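> Below is the file target-v7.cif, with mmCIF, C-alpha atoms.
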```cif
data_target
#
loop_
_atom_site.group_PDB
_atom_site.id
_atom_site.type_symbol
_atom_site.label_atom_id
_atom_site.label_comp_id
_atom_site.auth_asym_id
_atom_site.auth_seq_id
_atom_site.Cartn_x
_atom_site.Cartn_y
_atom_site.Cartn_z
ATOM 1 C CA MET U 56 -68.248 -29.999 101.979
ATOM 2 C CA SER U 57 -70.137 -26.752 101.555
ATOM 3 C CA SER U 58 -73.902 -27.128 101.255
ATOM 4 C CA GLU U 59 -73.653 -25.064 98.056
ATOM 5 C CA SER U 60 -70.971 -27.218 96.450
ATOM 6 C CA PRO U 61 -72.210 -30.365 94.688
ATOM 7 C CA CYS U 62 -68.664 -31.706 94.274
ATOM 8 C CA THR U 63 -65.558 -31.457 96.445
ATOM 9 C CA ALA U 64 -62.269 -32.449 94.819
ATOM 10 C CA ARG U 65 -60.017 -34.213 97.335
ATOM 11 C CA HIS U 66 -56.956 -34.745 95.156
ATOM 12 C CA ILE U 67 -55.851 -34.549 91.534
ATOM 13 C CA ASN U 68 -55.631 -38.219 90.601
ATOM 14 C CA HIS U 69 -54.156 -37.624 87.164
ATOM 15 C CA VAL U 70 -53.791 -35.399 84.146
ATOM 16 C CA CYS U 71 -54.461 -37.221 80.889
ATOM 17 C CA ILE U 72 -52.515 -36.566 77.703
ATOM 18 C CA ALA U 73 -53.809 -37.766 74.324
ATOM 19 C CA VAL U 74 -50.944 -39.045 72.165
ATOM 20 C CA LYS U 75 -50.365 -40.645 68.786
ATOM 21 C CA ASP U 76 -47.795 -43.177 70.044
ATOM 22 C CA ILE U 77 -48.030 -44.296 73.667
ATOM 23 C CA ALA U 78 -44.738 -46.253 73.669
ATOM 24 C CA GLU U 79 -42.790 -43.314 72.228
ATOM 25 C CA THR U 80 -44.433 -40.952 74.740
ATOM 26 C CA MET U 81 -43.602 -43.184 77.715
ATOM 27 C CA GLN U 82 -39.985 -43.432 76.541
ATOM 28 C CA PHE U 83 -39.753 -39.631 76.249
ATOM 29 C CA TYR U 84 -41.162 -39.057 79.752
ATOM 30 C CA ARG U 85 -38.880 -41.773 81.167
ATOM 31 C CA ASP U 86 -35.767 -40.403 79.472
ATOM 32 C CA VAL U 87 -36.433 -36.703 80.094
ATOM 33 C CA PHE U 88 -38.303 -36.645 83.418
ATOM 34 C CA GLY U 89 -37.320 -39.956 85.029
ATOM 35 C CA VAL U 90 -40.954 -41.077 85.096
ATOM 36 C CA GLY U 91 -41.563 -44.816 85.335
ATOM 37 C CA THR U 92 -43.598 -46.763 82.828
ATOM 38 C CA GLY U 93 -46.950 -48.400 83.410
ATOM 39 C CA GLU U 94 -48.876 -51.300 81.964
ATOM 40 C CA VAL U 95 -50.636 -50.397 78.716
ATOM 41 C CA VAL U 96 -54.227 -51.665 78.610
ATOM 42 C CA ASP U 97 -56.960 -51.606 75.985
ATOM 43 C CA ILE U 98 -60.107 -49.721 76.973
ATOM 44 C CA GLU U 99 -62.442 -50.905 74.261
ATOM 45 C CA ASP U 100 -65.470 -48.748 75.129
ATOM 46 C CA GLN U 101 -63.294 -45.621 74.803
ATOM 47 C CA ALA U 102 -61.348 -46.911 71.766
ATOM 48 C CA VAL U 103 -57.961 -46.241 73.367
ATOM 49 C CA GLN U 104 -54.877 -47.864 74.771
ATOM 50 C CA ALA U 105 -54.033 -46.270 78.102
ATOM 51 C CA THR U 106 -51.513 -46.301 80.910
ATOM 52 C CA LEU U 107 -51.098 -44.551 84.249
ATOM 53 C CA VAL U 108 -47.594 -43.566 85.369
ATOM 54 C CA GLN U 109 -46.698 -42.321 88.823
ATOM 55 C CA VAL U 110 -45.236 -38.825 89.194
ATOM 56 C CA GLY U 111 -44.678 -38.044 92.854
ATOM 57 C CA GLY U 112 -48.053 -38.072 94.608
ATOM 58 C CA SER U 113 -50.043 -37.899 91.374
ATOM 59 C CA GLN U 114 -50.137 -39.575 87.991
ATOM 60 C CA LEU U 115 -50.077 -38.957 84.279
ATOM 61 C CA GLU U 116 -52.366 -40.943 82.034
ATOM 62 C CA PHE U 117 -51.432 -41.394 78.391
ATOM 63 C CA ILE U 118 -54.128 -42.412 75.918
ATOM 64 C CA GLN U 119 -53.605 -43.465 72.315
ATOM 65 C CA PRO U 120 -56.580 -43.928 69.992
ATOM 66 C CA THR U 121 -57.219 -47.411 68.602
ATOM 67 C CA ASP U 122 -60.047 -46.355 66.276
ATOM 68 C CA PRO U 123 -59.409 -43.569 63.732
ATOM 69 C CA ASN U 124 -63.082 -42.575 64.049
ATOM 70 C CA GLY U 125 -63.127 -42.595 67.867
ATOM 71 C CA GLY U 126 -63.409 -39.573 70.120
ATOM 72 C CA VAL U 127 -59.729 -39.426 71.102
ATOM 73 C CA ALA U 128 -58.601 -39.753 67.480
ATOM 74 C CA LYS U 129 -60.915 -36.870 66.556
ATOM 75 C CA PHE U 130 -59.602 -34.870 69.529
ATOM 76 C CA ILE U 131 -56.001 -35.292 68.287
ATOM 77 C CA GLU U 132 -57.048 -34.488 64.730
ATOM 78 C CA ARG U 133 -58.734 -31.225 65.833
ATOM 79 C CA ARG U 134 -56.350 -30.074 68.563
ATOM 80 C CA GLY U 135 -53.190 -32.118 68.201
ATOM 81 C CA GLU U 136 -51.586 -34.147 70.949
ATOM 82 C CA GLY U 137 -51.961 -32.647 74.400
ATOM 83 C CA VAL U 138 -53.913 -32.449 77.631
ATOM 84 C CA HIS U 139 -57.188 -34.326 77.231
ATOM 85 C CA HIS U 140 -58.685 -34.168 80.730
ATOM 86 C CA ILE U 141 -58.055 -33.664 84.433
ATOM 87 C CA CYS U 142 -59.211 -36.254 86.972
ATOM 88 C CA PHE U 143 -60.239 -35.329 90.516
ATOM 89 C CA GLU U 144 -60.802 -37.804 93.342
ATOM 90 C CA VAL U 145 -64.132 -37.342 95.119
ATOM 91 C CA GLU U 146 -66.000 -38.994 97.966
ATOM 92 C CA ASP U 147 -69.086 -41.053 97.102
ATOM 93 C CA LEU U 148 -69.077 -40.724 93.327
ATOM 94 C CA PRO U 149 -72.714 -41.847 92.828
ATOM 95 C CA ALA U 150 -73.959 -39.131 95.214
ATOM 96 C CA THR U 151 -71.619 -36.553 93.658
ATOM 97 C CA LEU U 152 -72.962 -37.271 90.168
ATOM 98 C CA ARG U 153 -76.545 -37.024 91.491
ATOM 99 C CA ARG U 154 -75.859 -33.635 93.096
ATOM 100 C CA LEU U 155 -74.199 -32.330 89.926
ATOM 101 C CA ASP U 156 -77.175 -33.511 87.863
ATOM 102 C CA GLU U 157 -79.606 -31.854 90.304
ATOM 103 C CA LYS U 158 -77.681 -28.580 89.809
ATOM 104 C CA ASN U 159 -78.153 -29.001 86.029
ATOM 105 C CA ILE U 160 -74.436 -29.390 85.421
ATOM 106 C CA GLN U 161 -74.050 -31.163 82.076
ATOM 107 C CA LEU U 162 -72.677 -34.655 82.580
ATOM 108 C CA ILE U 163 -71.391 -37.275 80.204
ATOM 109 C CA ASP U 164 -72.008 -39.973 82.837
ATOM 110 C CA ARG U 165 -74.962 -39.843 85.230
ATOM 111 C CA ALA U 166 -73.867 -43.098 86.872
ATOM 112 C CA PRO U 167 -70.354 -44.359 87.623
ATOM 113 C CA ARG U 168 -68.630 -46.756 85.252
ATOM 114 C CA GLU U 169 -65.379 -48.661 85.469
ATOM 115 C CA GLY U 170 -62.345 -46.862 84.067
ATOM 116 C CA LEU U 171 -58.581 -47.186 84.149
ATOM 117 C CA SER U 172 -58.326 -45.138 87.342
ATOM 118 C CA GLY U 173 -61.272 -46.766 89.195
ATOM 119 C CA SER U 174 -64.994 -46.015 89.335
ATOM 120 C CA ILE U 175 -65.361 -42.901 87.165
ATOM 121 C CA GLY U 176 -67.762 -40.368 85.687
ATOM 122 C CA PHE U 177 -67.178 -37.415 83.345
ATOM 123 C CA ILE U 178 -68.456 -33.840 83.435
ATOM 124 C CA HIS U 179 -68.996 -32.376 79.961
ATOM 125 C CA PRO U 180 -66.513 -29.654 78.955
ATOM 126 C CA LYS U 181 -69.432 -27.345 78.088
ATOM 127 C CA ALA U 182 -70.121 -27.164 81.824
ATOM 128 C CA THR U 183 -66.510 -26.541 82.877
ATOM 129 C CA HIS U 184 -65.335 -23.747 80.577
ATOM 130 C CA GLY U 185 -63.847 -26.122 78.011
ATOM 131 C CA VAL U 186 -62.071 -28.634 80.245
ATOM 132 C CA LEU U 187 -63.121 -32.291 80.253
ATOM 133 C CA ILE U 188 -63.258 -33.321 83.916
ATOM 134 C CA GLU U 189 -63.131 -36.914 85.070
ATOM 135 C CA LEU U 190 -64.185 -37.766 88.613
ATOM 136 C CA VAL U 191 -62.938 -40.938 90.292
ATOM 137 C CA ASP U 192 -64.303 -42.325 93.538
ATOM 138 C CA GLN U 193 -61.495 -41.995 96.071
ATOM 139 C CA ASP U 194 -62.356 -45.430 97.500
ATOM 140 C CA THR U 195 -61.674 -47.131 94.132
ATOM 141 C CA ALA U 196 -58.924 -44.816 92.824
ATOM 142 C CA ARG U 197 -55.831 -46.549 91.498
ATOM 143 C CA ARG U 198 -52.566 -44.957 92.467
#
```
What would you get if you wrote out this structure as structure tokens?

Amino acid sequence: MSSESPCTARHINHVCIAVKDIAETMQFYRDVFGVGTGEVVDIEDQAVQATLVQVGGSQLEFIQPTDPNGGVAKFIERRGEGVHHICFEVEDLPATLRRLDEKNIQLIDRAPREGLSGSIGFIHPKATHGVLIELVDQDTARR
């Protein structure tokens, strides 16, 4: 890693798509692209149902809001269904988040938390030219 770079992405873990109907979306991707289906789980602290599906060496995550006042529901209301965030795998997530914070990069999470894809933290889209970035520790990443 460069001494100037506070974060080195090792791999795109997944691209997340916010949807209104997760079952319908999984059926579409299965029927059109031959993508398998994954287990749908409730992530209460994010007010979504979510699943990860394998696509070659990467994954797609589908999230469906469970609370009409939650962040993902508001995202869909404002922008419509579509790409919600990109997730990069990184080494040593706690240290990566510390370095980003030291560089005054606006974070949503200053410490890792458990997420669908492993131990995660988010960088605020204001810091990344409008793209919500999720980081997942490569040692905990689910594939």
> Pick out the closest residue to Leu152 of chain U from this set: U:Ala64, U:Leu190, U:Val127, U:Val108. Count all atoms listed in the file.
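Among the listed residues, U:Leu190 lies closest to Leu152 of chain U.
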> One decimal, Å: what's the distance from atom CA of Asp147 of chain U over to atom CA of Gly185 of chain U, could you say?
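About the pair atom CA of Asp147 of chain U and atom CA of Gly185 of chain U: they are 24.8 Å apart.
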> Using all atoms listed in the file, which of the listed residues (U:Thr151, U:Leu162, U:Gly93, U:Ala105) sits closest to Leu187 of chain U?
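Of U:Thr151, U:Leu162, U:Gly93, U:Ala105, the one nearest Leu187 of chain U is U:Leu162, counting all atoms listed in the file.
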> Mind checking which residues fall within 12 Å of segment 192-194 of chain U, counting all atoms listed in the file, ignoring those fewer than 3 positions away in the same chain, and posting them as a ChimeraX atom specification?
/U:62-68,142-152,166-170,172-177,189,197-198
> Can you list, as an MDAnalysis selection string, every protein, DNA or RNA residue that comes within 7 Å of Ile72 of chain U when you count all atoms listed in the file, leaving out same-chain residues fewer than 3 positions away?
chainID U and resid 116:118 137:139
> Take the residues from that selection and write them out as a PDB file, in the coordinates of the input, keeping C-alpha atoms.

```pdb
ATOM      1  CA  GLU U 116     -52.366 -40.943  82.034  1.00  0.00           C
ATOM      2  CA  PHE U 117     -51.432 -41.394  78.391  1.00  0.00           C
ATOM      3  CA  ILE U 118     -54.128 -42.412  75.918  1.00  0.00           C
ATOM      4  CA  GLY U 137     -51.961 -32.647  74.400  1.00  0.00           C
ATOM      5  CA  VAL U 138     -53.913 -32.449  77.631  1.00  0.00           C
ATOM      6  CA  HIS U 139     -57.188 -34.326  77.231  1.00  0.00           C
TER       7      HIS U 139
END
```
> Padding 3 Å on each side, edges along x, y and z: where is the centre of the box around the listed atoms of segment 64-81 of chain U, and how long are its edges in Å to one decimal? Output it as AutoDock Vina command-line options.

```
--center_x -52.5 --center_y -39.4 --center_z 83.1 --size_x 25.5 --size_y 19.8 --size_z 34.5
```
> Work out how far apart atom CA of Val103 of chain U and atom CA of Asp122 of chain U are and give it in Å to one decimal.
7.4 Å
> For the structure provided, state which residues fall under the PyMOL selection byres ((chain U and resi 160) around 12), and present them as a PyMOL selection string.
chain U and resi 60-62+151-159+161-165+177-184+188
> Take the PyMOL selection byres ((chain U and resi 80) around 12), run it mentally on this structure, and tell me the resulting residues as a PyMOL selection string.
chain U and resi 72-79+81-88+90-93+95+105-106+108+115-119+136-137
> Take atom CA of Lys129 of chain U and atom CA of Gln114 of chain U and report the distance between them in Å, one decimal.
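If I compute the distance from atom CA of Lys129 of chain U to atom CA of Gln114 of chain U, I get 24.1 Å.
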> Let me make sure I understand: among U:Leu171, U:Gly135, U:Glu59, U:Thr121, which one has the smallest atom-to-atom distance to Leu107 of chain U if we use all atoms listed in the file?
U:Leu171
